[in-house]
Amino acid sequence: MKILHTADWHIGKRLAGFDLTADQDYVFDQLVACAQREQVDAIAIAGDLYDRALANEDAVSQVNRMLYRLNRELHYPLLVISGNHDSAVRLGTGRQWFSATGLHLNTELAEAFTPVEMGDVQFFLLPYFEPVAARQYFHDDSLTNISLAMHRVSAELQTRFDSAKKHVLFAHFFAANSTQTDSETKVAVGGLDAVDVADLAAFDYVGLGHLHNRNALTHVAGVQYAGSLLKFSTSEIAQEKGVYILDTATMARRFVPLKPLHEFQHLTDAFAALTAPDAGERFDRDAYTAVTLTDAAVIPNVMTALREVFPRITGLDREQAVQLNRAAAADPTLGPLPLLAEFFRQVTDTELDDAQLAFARTALDGAKKEGN
Amino acid sequence: MQLEQLHIQNFGPYRDERVDFTHFAETPVFLISGKTGSGKTTIFDALVFALYGTTAGDDRSGAEMRAAFATPEAATRVTLAFSHGGRRYEIWRQPDQVLAKKRGTGTTKSPGSMCLTEYDGATERNQWTKQRDIKPRIEAMLHLDANQFRQMVLLPQGKFRQFLDASSNDKEALLRNLFGTGLYERWEEALRQSAKDANAAVGKESERLATLASRFAYPDAAPAAEASLPDKMAAMKAGVAVLDKAAQAADAALAAATHKSQKAASALEAGSRLAEAFANRASAQAALAALEQEAPARAAAATRLALLQWAQTLAPQQRQLDKQAAAVVAHQATLDGLHGELPDVQAALAKAEEAQAALTARAAADAADVAKAQTLAQLEPQLAQAADAQAKAATAGKRAADAKAAVEKAEAAQRSAAAAVVATQEAQAQVTDHAAALHEAETALAGLLPQYRQWQTGAKHLAALAKQQTAAQTALTAAQAAADAAAQAYQDLHDRQLSQQIAALAAKLSPDAPCPVCGSLEHPHPATIAVAPVADAAVAAADSERLATAQAAATAQSAAAELARQLAEAQTAQAALTQALQGAADRPVPDVIAAAQDAVATTRKAVTAEEKQRAALGEQLTAAQQAADTAVTTLATRQATAQTAATAAAQAAGVASGMAAKLPADAPTLEALKAQSAQLTAKHEAYQKAVRDATAAREHAQAAATTLAATIAAQTQQVADQTTALRRDQAAFAAVLTAKLGDGAPATFAALAAAAGDIAGLQAQLDDAKQRQAAQTALLKQAEGAIGTKEAPDLAALTLARDASAQAQAAAQTVQAQAAQVLAQNRELEAEIAAGYAKNREAIDSATVLASLAAVVNGNNPQRLSLERYVLRAYLDRVLKVGSTRLANLTAGRYQFALHTDPGSYQSDSGLEIDIYDDQIGQLRSVHTLSGGESFVAALSLALALGEVISQVAGGVTIDALFIDEGFGSLDSASLTTAMQALESLEGQSRMIGIISHVEALQVSIPDQLQVVPTGSGESHIRERHAE
């Protein structure tokens, strides 16, 4: 049996203000082509279908369209869980009917303990959950973080194991010691909201969502992040995006890269080079482009100028901070009389003369006395 | 300032809640979370109320913050503990509120109260309870008033941009407090005031000069009132010249009038003199005529005067005669007196002679006294010598006795020293000696020790062996148990195998076929398999286990036996050693050794003590011997001295007795002799004096008698002579009188003599007449000389002329004086104005300089920048530099702060305006153009930078807390992301930052929280939550 493992679609996401609908539709078509080419038996989506819990209507209809295509038109069984970006309630609406057509969608912890069995494999679909859900489910107040909760959940899942079958887990969380990229929601407190990979050892394969880098976790056998379909931040530019094809007979997996509609590039160069007449020949102008300028000078309307060359510019920074030509401000610790002299010179372009200095000194003495 | 604890009672939604900020000291960012309206911001309100008595919200007073649910018994109070400048402080406040009466029922209005306490460590140092004491202290500590505190410490709900957007004036007020630039403000004010003063002084002087100028009396046409002072001054100068000329003319007129007046006066005077001469002549002529008529009377007076003068010449003679007659009478009286004295004198003489005769009769007795005194004088030296010798003998005797006593004392000392020597020697002999005993004990102990060490080693070895043996025994028991168990197991298995085989066999039995074991044809109870099948391998394994455990048990057995043998051997050896060490003593070995060691130690101590004692006694003996030697020497010296003294005493006694023998038998003592001799001498001297006195008395009486007799004789003669002379002179005088006056001469003479007083009057009368005649004659001659041929003058006309000319002169005088005065006044005025004007010119220049300086310093300059603002600008620039770094980090380098360089339209918006540099447009733009999220990030960067820079500036104030209030709810998602990233980047800040928010995303990212939990009845509780 061959399973296509994908995750983190983030439908509805905008990249630096750019609408990604076309890009996401395009890469979805690539995914469909891959599934057909590979003749997969089912498709697993490990969370974060939507980018926002309260997704806009366009995003909802886009996801609906995609699920309809896979499930209803192409008749792929779907193994779907909700991620931290999804609203469990919204995404889970109608799940009771979906399974009739082979769309297995879990959005609550309790649903994870009933495996989906296909052939000789038990698929456990564990949605993203908060420690509070585990506390309520197990009536155990000690489960104050994901690490503790997952230990308990894993033990519970293992009680449902049919020893005659293989066991595959699809889940959405942060596995300990994974590396993160900029486009993921950060975990503020290191370690506490991370799942100990030892708790995953009982499964033959663990297909994960959440981290956008498919290589976020490389040192643990049998545990794999699918990665996102698109690059969502400059830190992901070097990554290859795509899907995994899992063969449940051998539990071997294979990465299949998918081509995006527009590339995402990071250019580090001088402003002059980037806007030179031959820039179109040297750079991919259609790509989403993050620019790092090597210039340190102020460039008027730099963004507008760059946008003319790279219409999909996503960000601009500099290798070194711009040096503003600030007028040297006075040193406030110089003391009253030197400061006055400098002030006078600056505002009148003339020097303080002796008579003025004498007046100033007398007045200063008075002011000092008054202050005492 | 570091916040420590906040205690809120009946304030807002809180009944009695405490916040301990120190729990958040290590977690720079914490969240104050809770639903909207649950009272998150009220925590900050309480903080501000405690410090200042007002709340953070501009619209709520302290009294209004009283909890709605508070009963009259529950007072509203906020207590804040904080530390500042190394001191701890606690401040509490209660607002005005209505509370239950302390006594009785009902309520009463309780006025607001407060209390600030300062602690040094745990000690209370100071306490204030009046707002007028507390307010300045809090403001001096924080350098902020309530509003500024809010602005600095709270980025308030929806007003992130408050400081960013504030006008330069408002920023100035805040920054002045924070950076302490009040001096510059005062300086500016001082300069402004100086300029104002200088200007006023100049104006006043100008006014004074104008007033002076108006007083100038212009001789010609005066210049217009509005003419400039210099013009007026020129006119004045010309006026002074004109006046000067007029004054000179008046001077000349006066001189002419004066001359004329003088001439008229002279003429009048001459006329007067002439008129007087005419009068004199007339009066002299009249007087002379009168004198001529009185001439015959004057002749008769002259005759009487001559007779009176003659009588006066005879008056002395008359007085001489009278004197002589009186002298005769006096002398006769004296003579009569002398005759009366004579008998007394003679009686005195007789008495003196009689006394003299009596003394002469006592002369023999006196001679005898003198002889006796001489005899006594011869005996006196002999007596003195004898007494001297006696005294010397007594002294020598005393000295000999002293010497003898000293000898006895020395003898006693010598005896006691000798006794001390003997006693010390005896004591030395009595000190015991344990050296031999010590040596013996040490030798014995040295013999014992090696044996003892061997004994100790043996004991240890023995213990080890015993332990080993016990272990071996345990091991043996275990091994045997294991062997038994293994045997049993094997047996069981074997049995089960047998039963199994039996069952197998039984199963194969066929009815009526003989049993291969017993041959029975009947099988009433064929065996069945009751137990689990047993494999052969298992039995074999159990067997080998049985053998192995049996082997192990045997090995353990022999090991235990070996150990037991070794133990017995060791015990024997140890017993022998113990015997050797214990000897006869019935004690444990260690005690024996310890006893031996103790004995050695004790003996050693004794020996040491003895040695010490001996040494001490030795020293004592040496000292005693030295003392004895000294005593012997002293005795010898004293004996020699005593010998010498005895010899000297004997000699002296001899001399004294020799002397005594030479004296007569009845010799009196020296004192008696001296007394008797003195008595005799005194008696003799008294006698001699009596003789001398009597002789003198007799001689004196003799002389008196002789003198008296002589005097009487002389006096008698003189009386006779005088009487004769008197009679002769009286006759001569009478003859003279009669010759001049004839009959009755004496009476006439007496009348003339009596009228002698008339002489002076007559003489004066005559002299006066003569003098008057001479004077009138001279006057007449002088008057006639003066008149000569002149006519009598017209005095009235002359007087008239003189008066007229004098009047003319007076008039000229007045004119001249007036002219001079006007000139002097105006000249002085002109000079004063000129001088004042010159001086004021300088003052005006100086005031102008000052005014321009004051104007520039106060911001009246092209840049509309005051000095203080210039300084604050420098501080703000520092803040912006620090803030820029943070802002750039938070915005991926897009934004930086910059000071707005161009002046604004007014001073109020110049100097402290902040610009934002937007790298995407490459231009500066105003902070007012930032979007919500950007302005949050900018405000946050600025607030943190302000905190950082202030703490670097000396004199600046440090407040280690920043509260960021809400406002996230209103941010769009992109801005919220920006703000969240900014907050996440705050880790590592030195300030404590409290974020007041209900946004759930923050609750996940910030684990340290103060959770405000509403109960649903208008009350809330505060819970602390920390990262686990």
# chains A, B, ... in the order shown; residues from 1 in each chain; ligands from 1
>>> interface_residues(of="chain B", to="chain A", cutoff="7 Å", atoms="only C-alpha atoms", output="PyMOL selection string")
chain B and resi 183+186-187+190-191+849-850+853+861-863+867+870-871+874-875+877+892-894+920-923+1005
>>> residues_around(residues="Ala270 (chain A)", least_positions_apart="5", cutoff="8 Å", atoms="only C-alpha atoms", output="VMD selection string")
chain A and resid 293 to 295
>>> write_last_selection(atoms="N, CA, C and O atoms", output="PDB file, in the first residue's frame")
ATOM      1  N   LEU A 293      20.188  44.290   0.512  1.00  0.00           N
ATOM      2  CA  LEU A 293      21.050  45.220  -0.204  1.00  0.00           C
ATOM      3  C   LEU A 293      22.416  45.267   0.472  1.00  0.00           C
ATOM      4  O   LEU A 293      22.518  45.248   1.701  1.00  0.00           O
ATOM      5  N   THR A 294      23.421  45.345  -0.363  1.00  0.00           N
ATOM      6  CA  THR A 294      24.766  45.477   0.204  1.00  0.00           C
ATOM      7  C   THR A 294      25.107  46.952   0.412  1.00  0.00           C
ATOM      8  O   THR A 294      26.110  47.259   1.034  1.00  0.00           O
ATOM      9  N   ASP A 295      24.257  47.847  -0.105  1.00  0.00           N
ATOM     10  CA  ASP A 295      24.532  49.279   0.042  1.00  0.00           C
ATOM     11  C   ASP A 295      24.301  49.707   1.493  1.00  0.00           C
ATOM     12  O   ASP A 295      23.475  49.136   2.196  1.00  0.00           O
TER      13      ASP A 295
END
>>> select_by_dssp(residues="region 45-83 of chain A", states="helix (DSSP H, G or I)", output="ChimeraX atom specification")
/A:57-73
>>> select_by_dssp(residues="region 121-367 of chain A", states="strand (DSSP E or B)", output="PyMOL selection string")
chain A and resi 121-126+166-172+174-175+194-195+205-209+223-225+242-247+252-257+264-269+288-293+313-318
>>> residues_around(residues="region 430-436 of chain B", least_positions_apart="3", cutoff="12 Å", atoms="only C-alpha atoms", output="ChimeraX atom specification")
/B:423-427,439-443,600,602-618
>>> residues_around(residues="His262 (chain A)", least_positions_apart="6", cutoff="9 Å", atoms="only C-alpha atoms", output="ChimeraX atom specification")
/A:23,286-288
>>> write_last_selection(atoms="all heavy atoms", output="CSV table (one decimal), in the first residue's frame")
chain,number,residue,atom,x,y,z
A,23,ASP,N,-0.6,30.1,-6.5
A,23,ASP,CA,0.5,29.3,-6.2
A,23,ASP,C,0.1,28.0,-5.6
A,23,ASP,O,0.6,26.9,-5.9
A,23,ASP,CB,1.5,30.0,-5.3
A,23,ASP,CG,2.2,31.2,-6.0
A,23,ASP,OD1,1.6,32.3,-6.0
A,23,ASP,OD2,3.3,30.9,-6.6
A,286,ASP,N,10.1,36.8,-11.9
A,286,ASP,CA,8.8,36.4,-11.5
A,286,ASP,C,8.7,35.8,-10.1
A,286,ASP,O,7.7,35.7,-9.5
A,286,ASP,CB,8.3,35.3,-12.5
A,286,ASP,CG,8.0,35.9,-13.9
A,286,ASP,OD1,7.6,37.2,-13.9
A,286,ASP,OD2,8.1,35.2,-14.9
A,287,ALA,N,9.9,35.4,-9.6
A,287,ALA,CA,10.0,34.7,-8.3
A,287,ALA,C,9.6,35.7,-7.2
A,287,ALA,O,9.7,36.9,-7.3
A,287,ALA,CB,11.4,34.2,-8.1
A,288,TYR,N,9.1,35.1,-6.1
A,288,TYR,CA,9.0,35.9,-4.9
A,288,TYR,C,10.4,36.2,-4.5
A,288,TYR,O,11.3,35.3,-4.5
A,288,TYR,CB,8.3,35.1,-3.8
A,288,TYR,CG,6.8,34.9,-4.1
A,288,TYR,CD1,6.3,33.7,-4.6
A,288,TYR,CD2,5.9,36.0,-3.9
A,288,TYR,CE1,5.0,33.6,-4.9
A,288,TYR,CE2,4.6,35.9,-4.3
A,288,TYR,CZ,4.1,34.6,-4.7
A,288,TYR,OH,2.8,34.5,-5.0
>>> residues_around(residues="Gln36 (chain A)", least_positions_apart="3", cutoff="12 Å", atoms="only C-alpha atoms", output="PyMOL selection string")
chain A and resi 2-4+29-33+39-43+70+74-76+245
>>> write_last_selection(atoms="C-alpha atoms", output="CSV table (one decimal), in the first residue's frame")
chain,number,residue,atom,x,y,z
A,2,LYS,CA,1.3,3.4,-0.9
A,3,ILE,CA,0.4,6.5,1.1
A,4,LEU,CA,1.1,10.1,0.0
A,29,ASP,CA,-2.2,20.1,-9.2
A,30,GLN,CA,1.4,18.9,-9.0
A,31,LEU,CA,0.4,16.9,-5.9
A,32,VAL,CA,-2.6,15.4,-7.7
A,33,ALA,CA,-0.4,14.5,-10.6
A,39,GLN,CA,-0.8,5.3,-7.9
A,40,VAL,CA,-1.1,5.9,-4.2
A,41,ASP,CA,-3.8,4.2,-2.2
A,42,ALA,CA,-4.5,7.0,0.2
A,43,ILE,CA,-3.5,10.6,1.0
A,70,LEU,CA,-9.1,14.2,-4.1
A,74,LEU,CA,-10.3,10.9,-7.7
A,75,HIS,CA,-11.7,8.6,-4.9
A,76,TYR,CA,-8.6,8.7,-2.8
A,245,ILE,CA,5.4,8.5,-0.7
>>> residues_around(residues="Gly102 (chain A)", least_positions_apart="4", cutoff="7 Å", atoms="only C-alpha atoms", output="PyMOL selection string")
chain A and resi 77-78+98
>>> residues_around(residues="Ala100 (chain B)", least_positions_apart="3", cutoff="12 Å", atoms="only C-alpha atoms", output="list in words")
Ala70, Thr71, Pro72, Glu73, Ala74, Ala75, Gln97, Arg103, Gly104, Thr105, Gly106, Thr107, Thr108, Lys109 and Ser110 of chain B
>>> write_last_selection(atoms="N, CA, C and O atoms", output="short mmCIF file (atom, residue, chain, number, x, y, z; two decimals), in the first residue's frame")
data_model
loop_
_atom_site.label_atom_id
_atom_site.label_comp_id
_atom_site.auth_asym_id
_atom_site.auth_seq_id
_atom_site.Cartn_x
_atom_site.Cartn_y
_atom_site.Cartn_z
N ALA B 70 -17.63 47.16 48.98
CA ALA B 70 -17.02 47.35 50.30
C ALA B 70 -18.06 47.78 51.32
O ALA B 70 -18.85 48.68 51.07
N THR B 71 -18.07 47.13 52.47
CA THR B 71 -18.97 47.49 53.55
C THR B 71 -18.36 48.65 54.31
O THR B 71 -17.15 48.91 54.19
N PRO B 72 -19.14 49.36 55.09
CA PRO B 72 -18.59 50.51 55.82
C PRO B 72 -17.45 50.12 56.76
O PRO B 72 -16.65 50.96 57.14
N GLU B 73 -17.40 48.84 57.15
CA GLU B 73 -16.31 48.44 58.05
C GLU B 73 -15.00 48.28 57.30
O GLU B 73 -13.93 48.31 57.88
N ALA B 74 -15.08 48.05 55.97
CA ALA B 74 -13.87 47.73 55.19
C ALA B 74 -13.33 49.00 54.55
O ALA B 74 -13.98 49.60 53.70
N ALA B 75 -12.19 49.41 54.98
CA ALA B 75 -11.59 50.63 54.45
C ALA B 75 -10.90 50.35 53.12
O ALA B 75 -10.39 49.26 52.90
N GLN B 97 -13.55 58.55 52.14
CA GLN B 97 -14.54 57.48 52.05
C GLN B 97 -15.47 57.54 53.25
O GLN B 97 -15.16 58.17 54.25
N ARG B 103 -16.99 54.14 67.13
CA ARG B 103 -17.83 53.90 68.31
C ARG B 103 -19.27 54.13 67.90
O ARG B 103 -19.58 55.03 67.14
N GLY B 104 -20.13 53.29 68.43
CA GLY B 104 -21.55 53.48 68.15
C GLY B 104 -21.89 53.00 66.76
O GLY B 104 -21.09 52.33 66.09
N THR B 105 -23.08 53.37 66.31
CA THR B 105 -23.53 52.91 65.01
C THR B 105 -23.50 54.07 64.03
O THR B 105 -23.19 55.20 64.40
N GLY B 106 -23.84 53.75 62.79
CA GLY B 106 -23.88 54.80 61.77
C GLY B 106 -22.54 54.95 61.08
O GLY B 106 -21.56 54.26 61.40
N THR B 107 -22.51 55.86 60.11
CA THR B 107 -21.29 56.03 59.33
C THR B 107 -20.80 57.45 59.48
O THR B 107 -21.51 58.34 59.91
N THR B 108 -19.56 57.63 59.11
CA THR B 108 -18.97 58.97 59.17
C THR B 108 -18.04 59.12 57.98
O THR B 108 -17.53 58.14 57.45
N LYS B 109 -17.85 60.36 57.57
CA LYS B 109 -16.98 60.59 56.42
C LYS B 109 -15.54 60.57 56.91
O LYS B 109 -15.16 61.34 57.79
N SER B 110 -14.78 59.67 56.36
CA SER B 110 -13.39 59.56 56.78
C SER B 110 -12.51 60.23 55.72
O SER B 110 -12.53 59.84 54.56
#
>>> decode(residues="region 102-129 of chain A", atoms="N, CA, C and O atoms", output="mmCIF file, in the first residue's frame")
data_model
loop_
_atom_site.group_PDB
_atom_site.id
_atom_site.type_symbol
_atom_site.label_atom_id
_atom_site.label_comp_id
_atom_site.auth_asym_id
_atom_site.auth_seq_id
_atom_site.Cartn_x
_atom_site.Cartn_y
_atom_site.Cartn_z
ATOM 1 N N GLY A 102 -14.742 7.756 2.720
ATOM 2 C CA GLY A 102 -13.298 7.540 2.904
ATOM 3 C C GLY A 102 -12.541 8.801 3.241
ATOM 4 O O GLY A 102 -11.326 8.864 3.140
ATOM 5 N N LEU A 103 -13.247 9.845 3.688
ATOM 6 C CA LEU A 103 -12.539 11.041 4.177
ATOM 7 C C LEU A 103 -12.514 10.950 5.705
ATOM 8 O O LEU A 103 -13.500 11.196 6.381
ATOM 9 N N HIS A 104 -11.376 10.491 6.208
ATOM 10 C CA HIS A 104 -11.239 10.313 7.653
ATOM 11 C C HIS A 104 -10.610 11.571 8.237
ATOM 12 O O HIS A 104 -9.458 11.877 7.960
ATOM 13 N N LEU A 105 -11.420 12.309 8.994
ATOM 14 C CA LEU A 105 -10.954 13.620 9.480
ATOM 15 C C LEU A 105 -11.069 13.669 11.009
ATOM 16 O O LEU A 105 -12.159 13.566 11.549
ATOM 17 N N ASN A 106 -9.926 13.764 11.705
ATOM 18 C CA ASN A 106 -9.937 13.874 13.171
ATOM 19 C C ASN A 106 -9.501 15.262 13.600
ATOM 20 O O ASN A 106 -8.455 15.768 13.163
ATOM 21 N N THR A 107 -10.320 15.868 14.465
ATOM 22 C CA THR A 107 -9.940 17.199 14.979
ATOM 23 C C THR A 107 -9.934 17.248 16.506
ATOM 24 O O THR A 107 -9.538 18.235 17.089
ATOM 25 N N GLU A 108 -10.409 16.175 17.167
ATOM 26 C CA GLU A 108 -10.420 16.141 18.636
ATOM 27 C C GLU A 108 -9.580 14.968 19.106
ATOM 28 O O GLU A 108 -9.511 13.935 18.439
ATOM 29 N N LEU A 109 -8.974 15.115 20.288
ATOM 30 C CA LEU A 109 -8.089 14.086 20.835
ATOM 31 C C LEU A 109 -8.807 12.746 20.949
ATOM 32 O O LEU A 109 -8.266 11.701 20.588
ATOM 33 N N ALA A 110 -10.022 12.775 21.432
ATOM 34 C CA ALA A 110 -10.756 11.526 21.698
ATOM 35 C C ALA A 110 -10.887 10.676 20.440
ATOM 36 O O ALA A 110 -10.905 9.439 20.511
ATOM 37 N N GLU A 111 -10.950 11.363 19.274
ATOM 38 C CA GLU A 111 -11.153 10.638 18.025
ATOM 39 C C GLU A 111 -9.917 9.837 17.617
ATOM 40 O O GLU A 111 -9.992 8.921 16.805
ATOM 41 N N ALA A 112 -8.772 10.184 18.197
ATOM 42 C CA ALA A 112 -7.517 9.565 17.768
ATOM 43 C C ALA A 112 -7.421 8.111 18.201
ATOM 44 O O ALA A 112 -6.639 7.342 17.645
ATOM 45 N N PHE A 113 -8.205 7.751 19.224
ATOM 46 C CA PHE A 113 -8.031 6.402 19.774
ATOM 47 C C PHE A 113 -8.786 5.331 18.988
ATOM 48 O O PHE A 113 -8.726 4.163 19.325
ATOM 49 N N THR A 114 -9.489 5.773 17.963
ATOM 50 C CA THR A 114 -10.123 4.793 17.074
ATOM 51 C C THR A 114 -9.343 4.782 15.760
ATOM 52 O O THR A 114 -9.408 5.746 14.991
ATOM 53 N N PRO A 115 -8.522 3.766 15.533
ATOM 54 C CA PRO A 115 -7.690 3.775 14.324
ATOM 55 C C PRO A 115 -8.530 3.513 13.066
ATOM 56 O O PRO A 115 -9.604 2.935 13.118
ATOM 57 N N VAL A 116 -7.974 4.036 11.967
ATOM 58 C CA VAL A 116 -8.554 3.716 10.656
ATOM 59 C C VAL A 116 -7.767 2.525 10.116
ATOM 60 O O VAL A 116 -6.532 2.592 10.050
ATOM 61 N N GLU A 117 -8.451 1.464 9.849
ATOM 62 C CA GLU A 117 -7.709 0.280 9.406
ATOM 63 C C GLU A 117 -7.860 0.103 7.908
ATOM 64 O O GLU A 117 -8.968 0.153 7.359
ATOM 65 N N MET A 118 -6.772 -0.005 7.231
ATOM 66 C CA MET A 118 -6.764 -0.232 5.783
ATOM 67 C C MET A 118 -5.736 -1.312 5.530
ATOM 68 O O MET A 118 -4.568 -1.148 5.884
ATOM 69 N N GLY A 119 -6.178 -2.437 4.957
ATOM 70 C CA GLY A 119 -5.251 -3.540 4.696
ATOM 71 C C GLY A 119 -4.633 -4.017 5.985
ATOM 72 O O GLY A 119 -5.309 -4.183 6.993
ATOM 73 N N ASP A 120 -3.309 -4.154 6.011
ATOM 74 C CA ASP A 120 -2.644 -4.639 7.212
ATOM 75 C C ASP A 120 -2.115 -3.498 8.070
ATOM 76 O O ASP A 120 -1.214 -3.680 8.866
ATOM 77 N N VAL A 121 -2.700 -2.302 7.873
ATOM 78 C CA VAL A 121 -2.183 -1.154 8.629
ATOM 79 C C VAL A 121 -3.290 -0.506 9.452
ATOM 80 O O VAL A 121 -4.408 -0.318 8.981
ATOM 81 N N GLN A 122 -2.916 -0.180 10.715
ATOM 82 C CA GLN A 122 -3.789 0.648 11.563
ATOM 83 C C GLN A 122 -3.248 2.072 11.472
ATOM 84 O O GLN A 122 -2.101 2.340 11.839
ATOM 85 N N PHE A 123 -4.084 3.019 10.960
ATOM 86 C CA PHE A 123 -3.675 4.422 10.909
ATOM 87 C C PHE A 123 -4.272 5.149 12.099
ATOM 88 O O PHE A 123 -5.490 5.150 12.294
ATOM 89 N N PHE A 124 -3.405 5.764 12.911
ATOM 90 C CA PHE A 124 -3.865 6.574 14.044
ATOM 91 C C PHE A 124 -3.762 8.035 13.646
ATOM 92 O O PHE A 124 -2.687 8.510 13.275
ATOM 93 N N LEU A 125 -4.879 8.734 13.702
ATOM 94 C CA LEU A 125 -4.907 10.138 13.277
ATOM 95 C C LEU A 125 -5.049 11.021 14.519
ATOM 96 O O LEU A 125 -6.126 11.190 15.063
ATOM 97 N N LEU A 126 -3.918 11.547 14.970
ATOM 98 C CA LEU A 126 -3.895 12.347 16.213
ATOM 99 C C LEU A 126 -3.843 13.835 15.859
ATOM 100 O O LEU A 126 -2.807 14.325 15.404
ATOM 101 N N PRO A 127 -4.950 14.565 16.045
ATOM 102 C CA PRO A 127 -4.930 15.995 15.707
ATOM 103 C C PRO A 127 -4.088 16.778 16.720
ATOM 104 O O PRO A 127 -3.743 16.258 17.781
ATOM 105 N N TYR A 128 -3.805 18.050 16.358
ATOM 106 C CA TYR A 128 -3.132 18.943 17.319
ATOM 107 C C TYR A 128 -4.058 19.107 18.509
ATOM 108 O O TYR A 128 -5.256 19.295 18.354
ATOM 109 N N PHE A 129 -3.521 19.022 19.738
ATOM 110 C CA PHE A 129 -4.366 19.217 20.915
ATOM 111 C C PHE A 129 -3.580 19.971 21.983
ATOM 112 O O PHE A 129 -2.353 20.008 21.996
#
